[in-house]
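Undergrad: This is the content of my_file.txt (compact mmCIF, C-alpha atoms and all ligand atoms):
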```txt
# COMPACT_ATOMS: atom_id res chain seq x y z
CA MET A 1292 0.00 0.00 0.00
CA ALA A 1293 1.24 3.50 -0.86
CA ASP A 1294 2.64 5.49 2.03
CA THR A 1295 0.11 8.30 2.43
CA ASN A 1296 2.45 10.62 4.32
CA ALA A 1297 5.15 10.22 1.70
CA LEU A 1298 2.66 11.04 -1.05
CA LEU A 1299 1.39 14.10 0.83
CA ALA A 1300 4.96 15.30 1.31
CA LEU A 1301 5.60 14.96 -2.43
CA ALA A 1302 2.34 16.78 -3.20
CA GLY A 1303 3.40 19.58 -0.86
CA ARG A 1304 6.65 19.95 -2.77
CA HIS A 1305 5.57 19.45 -6.37
CA LEU A 1306 1.96 20.40 -6.98
CA LEU A 1307 0.96 24.02 -7.53
CA LYS A 1308 -1.09 25.21 -4.63
CA THR A 1309 -4.27 25.90 -6.59
CA TYR A 1310 -6.56 23.66 -4.51
CA LYS A 1311 -7.36 23.53 -0.80
CA GLN A 1312 -7.22 19.78 -0.26
CA PRO A 1313 -7.63 17.82 2.98
CA PRO A 1314 -4.84 15.30 3.66
CA LEU A 1315 -6.55 12.41 1.87
CA VAL A 1316 -5.24 10.60 -1.19
CA MET A 1317 -7.85 8.75 -3.19
CA ALA A 1318 -6.68 5.52 -4.75
CA ARG A 1319 -9.65 3.50 -5.97
CA GLY A 1320 -13.34 3.72 -6.74
CA GLU A 1321 -16.21 1.32 -7.33
CA GLY A 1322 -19.81 2.33 -7.90
CA CYS A 1323 -20.56 5.21 -5.52
CA ARG A 1324 -17.65 4.37 -3.20
CA LEU A 1325 -14.18 5.88 -3.13
CA TYR A 1326 -11.27 4.40 -1.18
CA ASP A 1327 -8.26 6.32 0.05
CA THR A 1328 -4.68 5.06 0.33
CA GLU A 1329 -5.41 4.00 3.92
CA GLY A 1330 -8.25 1.78 2.66
CA LYS A 1331 -10.96 3.96 4.22
CA SER A 1332 -14.16 4.04 2.17
CA TYR A 1333 -16.31 7.08 1.38
CA LEU A 1334 -19.77 7.46 -0.10
CA ASP A 1335 -19.32 9.67 -3.16
CA LEU A 1336 -22.21 12.13 -3.55
CA TYR A 1337 -20.33 14.62 -5.73
CA ALA A 1338 -19.07 12.37 -8.55
CA GLY A 1339 -15.89 14.31 -9.30
CA ILE A 1340 -18.05 17.47 -9.48
CA ALA A 1341 -20.93 16.11 -11.54
CA VAL A 1342 -18.70 14.07 -13.84
CA CYS A 1343 -18.83 10.34 -12.98
CA VAL A 1344 -22.44 9.76 -14.06
CA LEU A 1345 -21.84 5.97 -14.11
CA GLY A 1346 -19.99 6.04 -10.79
CA HIS A 1347 -16.50 4.59 -10.59
CA ALA A 1348 -15.15 1.65 -12.59
CA HIS A 1349 -18.50 0.93 -14.25
CA PRO A 1350 -18.01 -2.31 -16.22
CA ALA A 1351 -19.43 -0.81 -19.43
CA LEU A 1352 -17.00 2.11 -19.29
CA VAL A 1353 -14.05 -0.10 -18.37
CA LYS A 1354 -14.87 -2.45 -21.27
CA ALA A 1355 -15.27 0.37 -23.80
CA LEU A 1356 -12.00 2.01 -22.75
CA THR A 1357 -10.06 -1.23 -22.65
CA GLU A 1358 -11.28 -2.34 -26.06
CA GLN A 1359 -10.68 1.07 -27.60
CA ALA A 1360 -7.19 1.36 -26.08
CA ALA A 1361 -6.34 -1.98 -27.66
CA ARG A 1362 -7.72 -0.85 -31.03
CA LEU A 1363 -6.90 2.85 -31.52
CA GLY A 1364 -6.02 5.46 -28.91
CA HIS A 1365 -5.17 8.67 -30.71
CA ILE A 1366 -4.68 10.03 -34.22
CA ALA A 1367 -5.46 13.78 -33.94
CA ASN A 1368 -7.84 15.37 -36.42
CA LEU A 1369 -5.75 14.94 -39.54
CA TYR A 1370 -8.07 12.01 -40.29
CA TYR A 1371 -11.60 11.09 -39.25
CA ASN A 1372 -12.01 8.48 -36.55
CA ASP A 1373 -15.02 6.20 -36.36
CA ARG A 1374 -15.79 6.80 -32.68
CA GLN A 1375 -15.84 10.60 -33.03
CA ILE A 1376 -18.27 10.47 -35.93
CA GLU A 1377 -20.58 8.07 -34.06
CA LEU A 1378 -20.53 10.22 -30.93
CA ALA A 1379 -21.18 13.44 -32.86
CA ALA A 1380 -24.20 11.87 -34.57
CA GLN A 1381 -25.64 10.65 -31.27
CA LEU A 1382 -25.11 13.98 -29.54
CA CYS A 1383 -26.91 15.80 -32.36
CA ALA A 1384 -29.80 13.34 -32.21
CA ARG A 1385 -30.21 13.89 -28.46
CA THR A 1386 -29.88 17.66 -28.41
CA GLY A 1387 -31.51 18.90 -31.62
CA MET A 1388 -28.23 20.48 -32.67
CA ASP A 1389 -26.61 19.88 -36.07
CA ARG A 1390 -22.82 19.91 -35.70
CA VAL A 1391 -20.28 19.20 -32.98
CA PHE A 1392 -16.72 20.24 -32.17
CA LEU A 1393 -15.13 18.03 -29.52
CA THR A 1394 -12.81 19.49 -26.91
CA ASN A 1395 -11.04 18.24 -23.78
CA SER A 1396 -12.80 20.27 -21.10
CA GLY A 1397 -15.71 22.54 -20.38
CA THR A 1398 -13.55 25.63 -20.47
CA GLU A 1399 -12.45 24.85 -24.01
CA ALA A 1400 -16.05 24.20 -25.06
CA ASN A 1401 -17.08 27.67 -23.85
CA GLU A 1402 -13.99 29.21 -25.41
CA GLY A 1403 -15.00 27.65 -28.73
CA ALA A 1404 -18.60 28.86 -28.35
CA LEU A 1405 -17.30 32.39 -27.78
CA LYS A 1406 -15.01 32.25 -30.81
CA LEU A 1407 -17.77 30.84 -33.00
CA SER A 1408 -20.20 33.60 -31.96
CA ARG A 1409 -17.78 36.39 -32.74
CA ARG A 1410 -16.65 34.81 -35.97
CA TRP A 1411 -20.23 34.32 -37.15
CA PHE A 1412 -20.82 38.07 -37.18
CA PHE A 1413 -17.40 38.62 -38.74
CA THR A 1414 -18.42 36.35 -41.62
CA GLN A 1415 -21.71 38.27 -41.89
CA GLY A 1416 -19.85 41.55 -42.43
CA GLU A 1417 -20.57 42.80 -38.88
CA PRO A 1418 -17.17 42.49 -37.19
CA GLU A 1419 -18.11 45.13 -34.61
CA ARG A 1420 -20.85 42.82 -33.31
CA MET A 1421 -18.65 41.03 -30.79
CA ASP A 1422 -20.07 41.65 -27.32
CA ILE A 1423 -20.99 38.76 -25.06
CA VAL A 1424 -23.45 39.11 -22.19
CA ALA A 1425 -23.12 36.61 -19.35
CA THR A 1426 -24.59 36.64 -15.83
CA TRP A 1427 -23.28 37.40 -12.36
CA SER A 1428 -22.34 34.36 -10.28
CA SER A 1429 -22.03 32.23 -13.41
CA PHE A 1430 -19.13 29.88 -13.94
CA HIS A 1431 -17.83 29.20 -17.44
CA GLY A 1432 -14.19 28.25 -16.91
CA ARG A 1433 -10.71 29.59 -16.22
CA SER A 1434 -9.10 30.42 -19.56
CA MET A 1435 -8.90 34.11 -20.48
CA GLY A 1436 -12.13 34.04 -22.53
CA ALA A 1437 -14.15 31.69 -20.33
CA MET A 1438 -12.88 33.47 -17.22
CA ALA A 1439 -14.02 36.82 -18.62
CA MET A 1440 -17.54 35.41 -19.03
CA THR A 1441 -17.50 33.91 -15.52
CA GLY A 1442 -19.47 36.28 -13.30
CA THR A 1443 -17.29 36.14 -10.19
CA PRO A 1444 -14.83 39.06 -10.15
CA LYS A 1445 -12.47 37.44 -7.64
CA TYR A 1446 -11.54 34.94 -10.37
CA TRP A 1447 -10.36 37.79 -12.64
CA GLU A 1448 -8.08 39.40 -10.11
CA GLY A 1449 -4.42 39.71 -11.03
CA PHE A 1450 -4.72 38.33 -14.55
CA GLY A 1451 -4.37 41.58 -16.44
CA PRO A 1452 -6.88 43.20 -18.76
CA ARG A 1453 -10.04 41.20 -19.12
CA LEU A 1454 -11.27 40.22 -22.58
CA GLN A 1455 -13.00 43.25 -24.09
CA GLY A 1456 -16.69 43.27 -24.86
CA VAL A 1457 -17.78 40.83 -22.17
CA SER A 1458 -20.19 41.93 -19.44
CA GLN A 1459 -22.58 40.47 -16.89
CA VAL A 1460 -26.15 41.13 -15.79
CA LYS A 1461 -28.14 39.66 -12.91
CA TYR A 1462 -29.06 36.00 -13.42
CA GLY A 1463 -32.79 35.42 -13.84
CA ASP A 1464 -33.50 39.08 -14.61
CA LEU A 1465 -34.93 39.12 -18.12
CA GLU A 1466 -35.42 42.89 -18.12
CA ALA A 1467 -31.74 43.45 -17.27
CA MET A 1468 -30.77 41.22 -20.21
CA ARG A 1469 -33.19 43.05 -22.51
CA ARG A 1470 -31.64 46.36 -21.49
CA ARG A 1471 -28.08 45.12 -22.06
CA VAL A 1472 -28.50 43.42 -25.44
CA ASN A 1473 -27.96 45.82 -28.34
CA ASP A 1474 -26.75 45.87 -31.93
CA ARG A 1475 -23.19 45.08 -30.80
CA THR A 1476 -24.20 41.93 -28.92
CA ALA A 1477 -23.04 38.71 -30.55
CA ALA A 1478 -24.20 36.24 -27.90
CA ILE A 1479 -25.75 35.63 -24.53
CA ILE A 1480 -24.35 32.79 -22.42
CA VAL A 1481 -26.23 31.27 -19.47
CA GLU A 1482 -26.41 28.09 -17.43
CA PRO A 1483 -29.92 26.60 -17.01
CA VAL A 1484 -29.01 26.04 -13.36
CA GLN A 1485 -26.12 28.09 -12.01
CA GLY A 1486 -23.93 25.34 -10.56
CA GLU A 1487 -20.88 26.91 -8.95
CA GLY A 1488 -22.99 30.00 -8.27
CA GLY A 1489 -25.12 28.17 -5.70
CA VAL A 1490 -27.18 25.50 -7.52
CA LEU A 1491 -29.67 28.14 -8.62
CA PRO A 1492 -32.24 27.03 -11.22
CA ALA A 1493 -33.36 29.63 -13.75
CA PRO A 1494 -36.72 31.14 -12.79
CA ALA A 1495 -39.73 29.92 -14.77
CA GLY A 1496 -39.93 31.58 -18.17
CA TYR A 1497 -36.38 32.99 -18.07
CA LEU A 1498 -34.84 30.66 -20.65
CA GLN A 1499 -37.83 31.01 -23.01
CA GLY A 1500 -37.56 34.77 -22.56
CA LEU A 1501 -33.88 34.65 -23.54
CA ARG A 1502 -34.75 32.49 -26.55
CA ASP A 1503 -37.36 35.05 -27.67
CA LEU A 1504 -34.93 37.94 -27.11
CA CYS A 1505 -32.26 36.21 -29.20
CA ASP A 1506 -34.76 35.41 -31.96
CA ALA A 1507 -35.91 39.02 -32.06
CA THR A 1508 -32.39 40.50 -32.16
CA GLY A 1509 -30.40 37.85 -34.05
CA THR A 1510 -28.20 37.31 -30.99
CA LEU A 1511 -26.81 33.81 -30.49
CA LEU A 1512 -28.06 31.95 -27.43
CA ILE A 1513 -25.24 29.91 -25.89
CA ILE A 1514 -26.44 27.50 -23.24
CA ASP A 1515 -23.74 26.16 -20.95
CA GLU A 1516 -24.87 22.66 -19.91
CA ILE A 1517 -21.42 21.60 -18.83
CA GLN A 1518 -22.69 20.78 -15.35
CA THR A 1519 -26.41 20.21 -16.01
CA GLY A 1520 -26.19 18.12 -19.20
CA VAL A 1521 -25.95 14.39 -19.87
CA GLY A 1522 -29.01 13.46 -17.85
CA ARG A 1523 -28.18 15.09 -14.53
CA SER A 1524 -31.30 17.27 -14.53
CA GLY A 1525 -33.63 14.35 -15.26
CA MET A 1526 -33.63 15.01 -19.02
CA TYR A 1527 -30.65 14.75 -21.34
CA LEU A 1528 -30.41 18.55 -21.30
CA ALA A 1529 -31.80 20.82 -18.61
CA VAL A 1530 -33.19 23.20 -21.28
CA GLN A 1531 -35.37 20.34 -22.52
CA HIS A 1532 -37.53 20.91 -19.42
CA ASP A 1533 -38.28 24.33 -20.93
CA GLY A 1534 -38.66 23.09 -24.49
CA ILE A 1535 -36.09 25.48 -25.93
CA VAL A 1536 -33.20 24.81 -28.32
CA PRO A 1537 -30.03 26.91 -28.06
CA ASP A 1538 -27.99 28.17 -31.01
CA VAL A 1539 -24.81 26.94 -29.38
CA LEU A 1540 -24.67 24.33 -26.62
CA THR A 1541 -21.69 23.43 -24.47
CA LEU A 1542 -21.21 20.08 -22.71
CA ALA A 1543 -18.39 18.42 -20.77
CA LYS A 1544 -18.27 16.84 -17.29
CA GLY A 1545 -20.57 13.78 -17.55
CA LEU A 1546 -20.10 13.36 -21.29
CA ALA A 1547 -17.53 10.56 -21.04
CA GLY A 1548 -18.11 9.55 -17.42
CA GLY A 1549 -14.72 10.80 -16.19
CA VAL A 1550 -12.52 10.72 -19.27
CA PRO A 1551 -11.59 14.32 -20.16
CA ILE A 1552 -13.89 15.60 -22.91
CA GLY A 1553 -16.02 18.59 -23.82
CA ALA A 1554 -18.06 19.70 -26.79
CA PHE A 1555 -19.68 22.68 -28.36
CA LEU A 1556 -22.61 21.99 -30.61
CA VAL A 1557 -24.16 24.38 -33.06
CA ARG A 1558 -27.16 24.80 -35.31
CA GLU A 1559 -26.53 24.46 -39.03
CA LYS A 1560 -27.25 28.14 -39.64
CA TYR A 1561 -24.11 29.13 -37.72
CA ALA A 1562 -21.87 26.21 -38.63
CA ASP A 1563 -19.93 27.96 -41.39
CA ALA A 1564 -18.60 30.52 -38.91
CA LEU A 1565 -15.74 28.08 -38.32
CA VAL A 1566 -13.97 26.75 -41.40
CA PRO A 1567 -10.62 24.95 -41.80
CA GLY A 1568 -7.87 26.80 -39.98
CA THR A 1569 -10.12 28.81 -37.65
CA HIS A 1570 -10.23 26.39 -34.73
CA GLY A 1571 -8.69 23.07 -33.71
CA SER A 1572 -7.46 20.74 -30.99
CA THR A 1573 -4.86 17.99 -30.93
CA PHE A 1574 -6.67 15.80 -28.42
CA GLY A 1575 -10.26 16.91 -29.00
CA GLY A 1576 -12.48 14.07 -30.19
CA ASN A 1577 -9.85 11.45 -29.63
CA PRO A 1578 -11.08 7.86 -30.07
CA LEU A 1579 -10.57 6.91 -26.43
CA ALA A 1580 -12.65 9.78 -25.05
CA CYS A 1581 -15.31 9.27 -27.72
CA ALA A 1582 -15.56 5.53 -27.03
CA ALA A 1583 -16.16 6.43 -23.39
CA GLY A 1584 -18.79 8.97 -24.48
CA LEU A 1585 -20.60 6.32 -26.52
CA ALA A 1586 -20.50 3.87 -23.60
CA VAL A 1587 -22.01 6.54 -21.33
CA LEU A 1588 -24.91 7.19 -23.72
CA GLU A 1589 -25.58 3.48 -24.18
CA THR A 1590 -25.49 2.84 -20.42
CA LEU A 1591 -27.70 5.82 -19.57
CA ASP A 1592 -30.35 4.29 -21.85
CA ARG A 1593 -29.88 0.65 -20.85
CA GLU A 1594 -30.05 1.38 -17.14
CA GLY A 1595 -32.77 4.06 -17.40
CA LEU A 1596 -30.49 6.50 -15.58
CA ILE A 1597 -31.97 9.73 -16.91
CA GLU A 1598 -35.52 8.92 -15.78
CA GLY A 1599 -33.92 7.60 -12.59
CA ALA A 1600 -32.21 10.96 -12.03
CA ALA A 1601 -35.57 12.70 -12.19
CA ALA A 1602 -37.23 10.34 -9.70
CA LYS A 1603 -34.28 10.09 -7.31
CA GLY A 1604 -33.75 13.85 -7.52
CA THR A 1605 -37.36 14.55 -6.52
CA TYR A 1606 -37.02 12.16 -3.59
CA PHE A 1607 -33.67 13.59 -2.47
CA LEU A 1608 -34.77 17.22 -2.76
CA SER A 1609 -37.86 16.59 -0.63
CA LYS A 1610 -35.63 15.08 2.07
CA LEU A 1611 -33.24 18.04 1.88
CA GLU A 1612 -36.15 20.47 2.16
CA ALA A 1613 -37.17 18.76 5.39
CA PHE A 1614 -33.86 19.87 6.96
CA ALA A 1615 -35.00 23.50 6.67
CA VAL A 1616 -37.97 22.61 8.87
CA LYS A 1617 -35.95 20.51 11.29
CA TYR A 1618 -32.97 22.89 11.58
CA PRO A 1619 -34.30 26.38 10.75
CA ALA A 1620 -31.33 28.10 12.40
CA LEU A 1621 -28.92 26.22 10.12
CA VAL A 1622 -30.74 25.58 6.85
CA LYS A 1623 -32.66 28.09 4.71
CA GLY A 1624 -33.94 25.66 2.10
CA ALA A 1625 -33.09 23.35 -0.77
CA ARG A 1626 -33.17 23.74 -4.54
CA GLY A 1627 -32.01 22.03 -7.67
CA ARG A 1628 -33.02 19.93 -10.63
CA GLY A 1629 -32.77 16.15 -10.87
CA LEU A 1630 -29.59 14.93 -9.21
CA LEU A 1631 -28.03 18.39 -8.94
CA CYS A 1632 -29.23 19.63 -5.58
CA GLY A 1633 -28.18 22.41 -3.24
CA LEU A 1634 -28.80 22.81 0.47
CA VAL A 1635 -28.77 26.50 1.33
CA LEU A 1636 -27.30 27.12 4.77
CA THR A 1637 -27.96 30.18 6.89
CA ASP A 1638 -25.40 32.98 6.63
CA HIS A 1639 -23.46 32.05 9.77
CA VAL A 1640 -22.99 28.39 8.74
CA GLU A 1641 -19.94 27.74 6.58
CA ALA A 1642 -20.39 25.10 3.88
CA ARG A 1643 -16.71 24.18 4.28
CA GLU A 1644 -17.27 23.24 7.91
CA VAL A 1645 -20.28 21.02 7.13
CA LEU A 1646 -18.36 19.44 4.26
CA GLY A 1647 -15.47 18.54 6.56
CA ALA A 1648 -17.76 17.08 9.21
CA LEU A 1649 -19.54 14.99 6.57
CA ARG A 1650 -16.20 13.76 5.26
CA ASP A 1651 -15.29 12.67 8.78
CA ARG A 1652 -18.49 10.59 8.66
CA GLY A 1653 -17.41 9.08 5.33
CA VAL A 1654 -19.60 11.08 2.94
CA LEU A 1655 -18.20 13.32 0.21
CA ILE A 1656 -20.03 16.26 -1.33
CA ALA A 1657 -18.99 19.59 -2.87
CA GLN A 1658 -19.87 23.16 -2.08
CA ALA A 1659 -21.22 25.92 -4.32
CA GLY A 1660 -20.24 29.22 -2.79
CA ASP A 1661 -19.64 29.76 0.92
CA HIS A 1662 -23.07 28.73 2.18
CA VAL A 1663 -24.46 26.13 -0.23
CA LEU A 1664 -23.82 22.38 -0.09
CA ARG A 1665 -23.81 20.83 -3.54
CA PHE A 1666 -24.91 17.25 -4.16
CA ALA A 1667 -24.20 15.81 -7.61
CA PRO A 1668 -24.03 12.05 -7.05
CA PRO A 1669 -23.38 9.48 -9.77
CA LEU A 1670 -26.67 8.83 -11.60
CA ILE A 1671 -26.33 5.16 -10.60
CA VAL A 1672 -26.77 6.12 -6.93
CA THR A 1673 -29.40 4.05 -5.11
CA GLU A 1674 -32.08 5.37 -2.78
CA ALA A 1675 -30.34 3.49 0.04
CA GLU A 1676 -27.09 5.37 -0.69
CA LEU A 1677 -28.94 8.68 -0.76
CA ASP A 1678 -30.51 7.76 2.59
CA GLU A 1679 -27.06 6.96 3.96
CA GLY A 1680 -25.86 10.43 2.93
CA LEU A 1681 -28.97 12.07 4.40
CA ALA A 1682 -28.48 10.25 7.72
CA ALA A 1683 -24.87 11.47 7.91
CA LEU A 1684 -25.97 15.02 7.10
CA ASP A 1685 -28.68 14.80 9.77
CA GLY A 1686 -25.97 13.80 12.26
CA VAL A 1687 -23.73 16.73 11.28
CA LEU A 1688 -26.60 19.24 11.49
CA ALA A 1689 -27.72 17.79 14.86
CA ASP A 1690 -24.17 18.26 16.18
CA LEU A 1691 -24.07 21.85 14.94
CA ALA A 1692 -27.51 22.58 16.41
CA SER A 1693 -26.55 21.17 19.81
CA ARG A 1694 -23.32 23.19 19.80
CA ALA A 1695 -25.26 26.36 18.92
CA GLY A 1696 -27.93 25.63 21.56
C1 LIG A 1701 -21.27 25.47 -15.93
C2 LIG A 1701 -19.80 25.23 -16.11
N1 LIG A 1701 -19.18 25.70 -17.20
C3 LIG A 1701 -17.88 25.51 -17.41
C4 LIG A 1701 -17.09 24.82 -16.51
C5 LIG A 1701 -15.63 24.61 -16.77
O1 LIG A 1701 -15.41 23.27 -17.09
P1 LIG A 1701 -13.95 22.61 -16.93
O2 LIG A 1701 -13.62 22.65 -15.48
O3 LIG A 1701 -14.14 21.22 -17.48
O4 LIG A 1701 -13.01 23.38 -17.76
C6 LIG A 1701 -17.69 24.32 -15.36
C7 LIG A 1701 -16.87 23.60 -14.35
O5 LIG A 1701 -17.21 23.50 -13.20
C8 LIG A 1701 -19.07 24.52 -15.14
O6 LIG A 1701 -19.69 24.07 -14.05
```
In C-alpha cells, what does this structure look like?

TA:
Amino acid sequence: MADTNALLALAGRHLLKTYKQPPLVMARGEGCRLYDTEGKSYLDLYAGIAVCVLGHAHPALVKALTEQAARLGHIANLYYNDRQIELAAQLCARTGMDRVFLTNSGTEANEGALKLSRRWFFTQGEPERMDIVATWSSFHGRSMGAMAMTGTPKYWEGFGPRLQGVSQVKYGDLEAMRRRVNDRTAAIIVEPVQGEGGVLPAPAGYLQGLRDLCDATGTLLIIDEIQTGVGRSGMYLAVQHDGIVPDVLTLAKGLAGGVPIGAFLVREKYADALVPGTHGSTFGGNPLACAAGLAVLETLDREGLIEGAAAKGTYFLSKLEAFAVKYPALVKGARGRGLLCGLVLTDHVEAREVLGALRDRGVLIAQAGDHVLRFAPPLIVTEAELDEGLAALDGVLADLASRAG
C-alpha cells in the first residue's frame, strides 16, 4: 500500500497550490464508493463534481475504454475516426443540434462557443458585433475568454486586462438582459441552473424569454450545460424541461463519465462561422474519449439512468427540504433539478465546515459558494445510498444545532 504521508509530502513539494485539499489521497473507486490510500471508504455524492455519471469503474466504461485502447487510442484530427463520428451523430440526435466540435474540457467548449459567436458576425460583415453578455455568479471556466464570461470578479483578479466586450447582468433578470443586449451583442451565455454559483435554477420563463430575445435581435443563445447536461437534470439537457433549443450548446463533465472531454454543438445556420484553420485541438475528439462517451450514452439508456435521475432527484430534494424545517437556524432551504441539488445554509454556517464534518463521517459532497452544499451524485446512486448520505448530514446538522444551543 502507498505510504500516504510520503505522497502528501511529495504533493506539498511538487503540486501548484491551486486547490485547498484535505490530507486524503484517493486511490480507488467502485460504484458510488471511493477508497483512500489507507483503505478507508467514502460514499461519493459529488461524482468528481458532476462528472462520474456511471460512478467509478463501471463495467461498461471499463470495457469500452479497454477495447478502444487496444484498437486505436489517438490520431489527432488529420483524419476522421469512427468513434468521433458516431458520438457526434448521437449527440446531435439527443440535443436537436446539427454539428459538434469536440474538446477536452468545459472551459475549451465555452472558449469555442465564444469564438464561433464572434466569428459568425465577422463572416456576416458585422465584425463590430462582438459583445458577449453573461450573468453574475455564473461559472464558465478559467481560460482568459471563459474566465471573462465567468461572473465572479475574484476569479479575474491579477490576470491583467479582461477580454473586451464581455459583461454580466443579474441571473434570472430578463429585463436586465433586454436592457443590455444591443446591436453590438453577438451572444448571450447562461447556465440553465447556475452550478458553482449556488445550484440556482433559472426562474420559470427565463430561458424562453432569452430564446425570444435572441430570436428578435439575431443574438446567439449559448447554453452552458457543462454541469447540467448528460441526464443530470432528469432530461438529457436541462433546457429540454423548458422546451427550448439553443444556437450553441456546451457540454463536458458527464459526457464521457470521467474521461476528459467537452463539446460545443451548433445549429446548421451558424456552422460555417468556423472553417478549416479557424479552430482546432490535438486531443479533441480522440477515439478513447469518444468511445467512453458512446459507452455513457448506451449505459444511460440501458439502465434508465436519466428517468432515474428525475425520480431520485425529486425524492432527495424533498428530504433536503425537510432539513430546513428541522434545523431552521442552520438551513434556509433546498433547490435544484434532478440529481443536482443544493442545500442553502444560513449565513453564519460555513459550507466548508459542514463538508469537513460529513467527510469525517465518510460522505463526500462539494460546495457551491460559501453557504451552499452541492450534491451531484453518480446517476447510478441508489435510494439506500442517498438515505445513507442524508443520515450522515442529519448527524452533522444535529451536532451543529446542539453546539449552537
Ligand atoms: C457550468 C460550467 N461551465 C464551465 C465549466 C468549466 O469546465 P472545466 O472545469 O471542465 O473546464 C464548469 C466547471 O465546473 C461549469 O460548471

Undergrad: Just checking: using only C-alpha atoms, which residue out of A:Val1391, A:Ile1517, A:Leu1378, A:Leu1646 ends up closest to Asp1538 in chain A?

TA: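 The closest residue to Asp1538 in chain A is A:Val1391.
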
Undergrad: Can you tell me, as a list of chain:residue names, what residues are no more than 7 Å from Leu1336 in chain A when counting all atoms listed in the file, ignoring any on the same chain fewer than 3 positions away?

TA: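 Neighbouring residues, sequence-local ones excluded: A:Leu1655, A:Ile1656, A:Phe1666, A:Ala1667, A:Pro1668, A:Pro1669.
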
Undergrad: List every residue of chain A that has an atom at most 9 Å from any atom of ligand LIG 1701 (chain A), giving for each one its closest atom pair and the distance in Å to one decimal, counting only C-alpha atoms and all ligand atoms, sorted by chain and then by ascending residue number, as a tab-separated table.

TA:
```
residue	atom	partner	partner_atom	distance
A:Ile1340	CA	A:LIG1701	O5	7.1
A:Ala1341	CA	A:LIG1701	O6	8.4
A:Asn1395	CA	A:LIG1701	O3	7.6
A:Ser1396	CA	A:LIG1701	O3	4.0
A:Gly1397	CA	A:LIG1701	O1	3.4
A:Thr1398	CA	A:LIG1701	O4	3.6
A:Glu1399	CA	A:LIG1701	O4	6.4
A:Ala1400	CA	A:LIG1701	O4	8.0
A:Asn1401	CA	A:LIG1701	C3	6.8
A:Ser1429	CA	A:LIG1701	C1	7.3
A:Phe1430	CA	A:LIG1701	C2	5.2
A:His1431	CA	A:LIG1701	C3	3.7
A:Gly1432	CA	A:LIG1701	C5	3.9
A:Arg1433	CA	A:LIG1701	O4	6.8
A:Ser1434	CA	A:LIG1701	O4	8.3
A:Ala1437	CA	A:LIG1701	C3	7.8
A:Thr1441	CA	A:LIG1701	N1	8.5
A:Val1481	CA	A:LIG1701	C1	8.4
A:Glu1482	CA	A:LIG1701	C1	6.0
A:Pro1483	CA	A:LIG1701	C1	8.8
A:Val1484	CA	A:LIG1701	C1	8.2
A:Gln1485	CA	A:LIG1701	C1	6.8
A:Gly1486	CA	A:LIG1701	O6	5.6
A:Glu1487	CA	A:LIG1701	O6	6.0
A:Gly1488	CA	A:LIG1701	O6	8.9
A:Asp1515	CA	A:LIG1701	C1	5.6
A:Glu1516	CA	A:LIG1701	C1	6.1
A:Ile1517	CA	A:LIG1701	C2	4.8
A:Gln1518	CA	A:LIG1701	O6	4.6
A:Thr1519	CA	A:LIG1701	C1	7.4
A:Thr1541	CA	A:LIG1701	N1	8.0
A:Leu1542	CA	A:LIG1701	N1	8.1
A:Ala1543	CA	A:LIG1701	O3	6.1
A:Lys1544	CA	A:LIG1701	O3	6.0
A:Pro1551	CA	A:LIG1701	O3	7.8
A:Ile1552	CA	A:LIG1701	O3	7.8
A:Gly1553	CA	A:LIG1701	O3	7.1
```

Undergrad: Would you mind telling me which residue in A:Asp1294, A:Asp1422, A:Asp1503, A:Glu1589 lies nearest to Ala1547 in chain A when using all atoms listed in the file?

TA: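 The shortest atom-to-atom distance to Ala1547 in chain A comes from A:Glu1589.
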
Undergrad: Find, counting only C-alpha atoms, the residue in A:Arg1665, A:Arg1643, A:Arg1694, A:Lys1610 that gets nearest to Leu1677 in chain A.

TA: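 The shortest atom-to-atom distance to Leu1677 in chain A comes from A:Lys1610.
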
Undergrad: Counting all atoms listed in the file, which residue out of A:Arg1374, A:Arg1626, A:Arg1652, A:His1662 sits closest to His1639 in chain A?

TA: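 Of A:Arg1374, A:Arg1626, A:Arg1652, A:His1662, the one nearest His1639 in chain A is A:His1662, counting all atoms listed in the file.
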
Undergrad: Would you fill out range 1508-1517 of chain A with N, CA and C atoms and return it as a tab-separated table (two decimals), keeping the file's coordinate frame?

TA:
```
chain	number	residue	atom	x	y	z
A	1508	THR	N	-33.54	39.61	-31.91
A	1508	THR	CA	-32.39	40.50	-32.16
A	1508	THR	C	-31.29	39.85	-32.99
A	1509	GLY	N	-31.44	38.56	-33.29
A	1509	GLY	CA	-30.40	37.85	-34.05
A	1509	GLY	C	-29.18	37.52	-33.22
A	1510	THR	N	-29.31	37.64	-31.90
A	1510	THR	CA	-28.20	37.31	-30.99
A	1510	THR	C	-28.13	35.79	-30.81
A	1511	LEU	N	-26.92	35.26	-30.71
A	1511	LEU	CA	-26.81	33.81	-30.49
A	1511	LEU	C	-27.06	33.47	-29.03
A	1512	LEU	N	-27.81	32.42	-28.80
A	1512	LEU	CA	-28.06	31.95	-27.43
A	1512	LEU	C	-27.14	30.77	-27.16
A	1513	ILE	N	-26.15	31.00	-26.30
A	1513	ILE	CA	-25.24	29.91	-25.89
A	1513	ILE	C	-25.74	29.39	-24.56
A	1514	ILE	N	-26.04	28.11	-24.51
A	1514	ILE	CA	-26.44	27.50	-23.24
A	1514	ILE	C	-25.30	26.61	-22.75
A	1515	ASP	N	-24.84	26.92	-21.56
A	1515	ASP	CA	-23.74	26.16	-20.95
A	1515	ASP	C	-24.36	25.05	-20.09
A	1516	GLU	N	-24.34	23.83	-20.65
A	1516	GLU	CA	-24.87	22.66	-19.91
A	1516	GLU	C	-23.72	21.76	-19.47
A	1517	ILE	N	-22.59	22.38	-19.21
A	1517	ILE	CA	-21.42	21.60	-18.83
A	1517	ILE	C	-21.66	20.85	-17.53
```
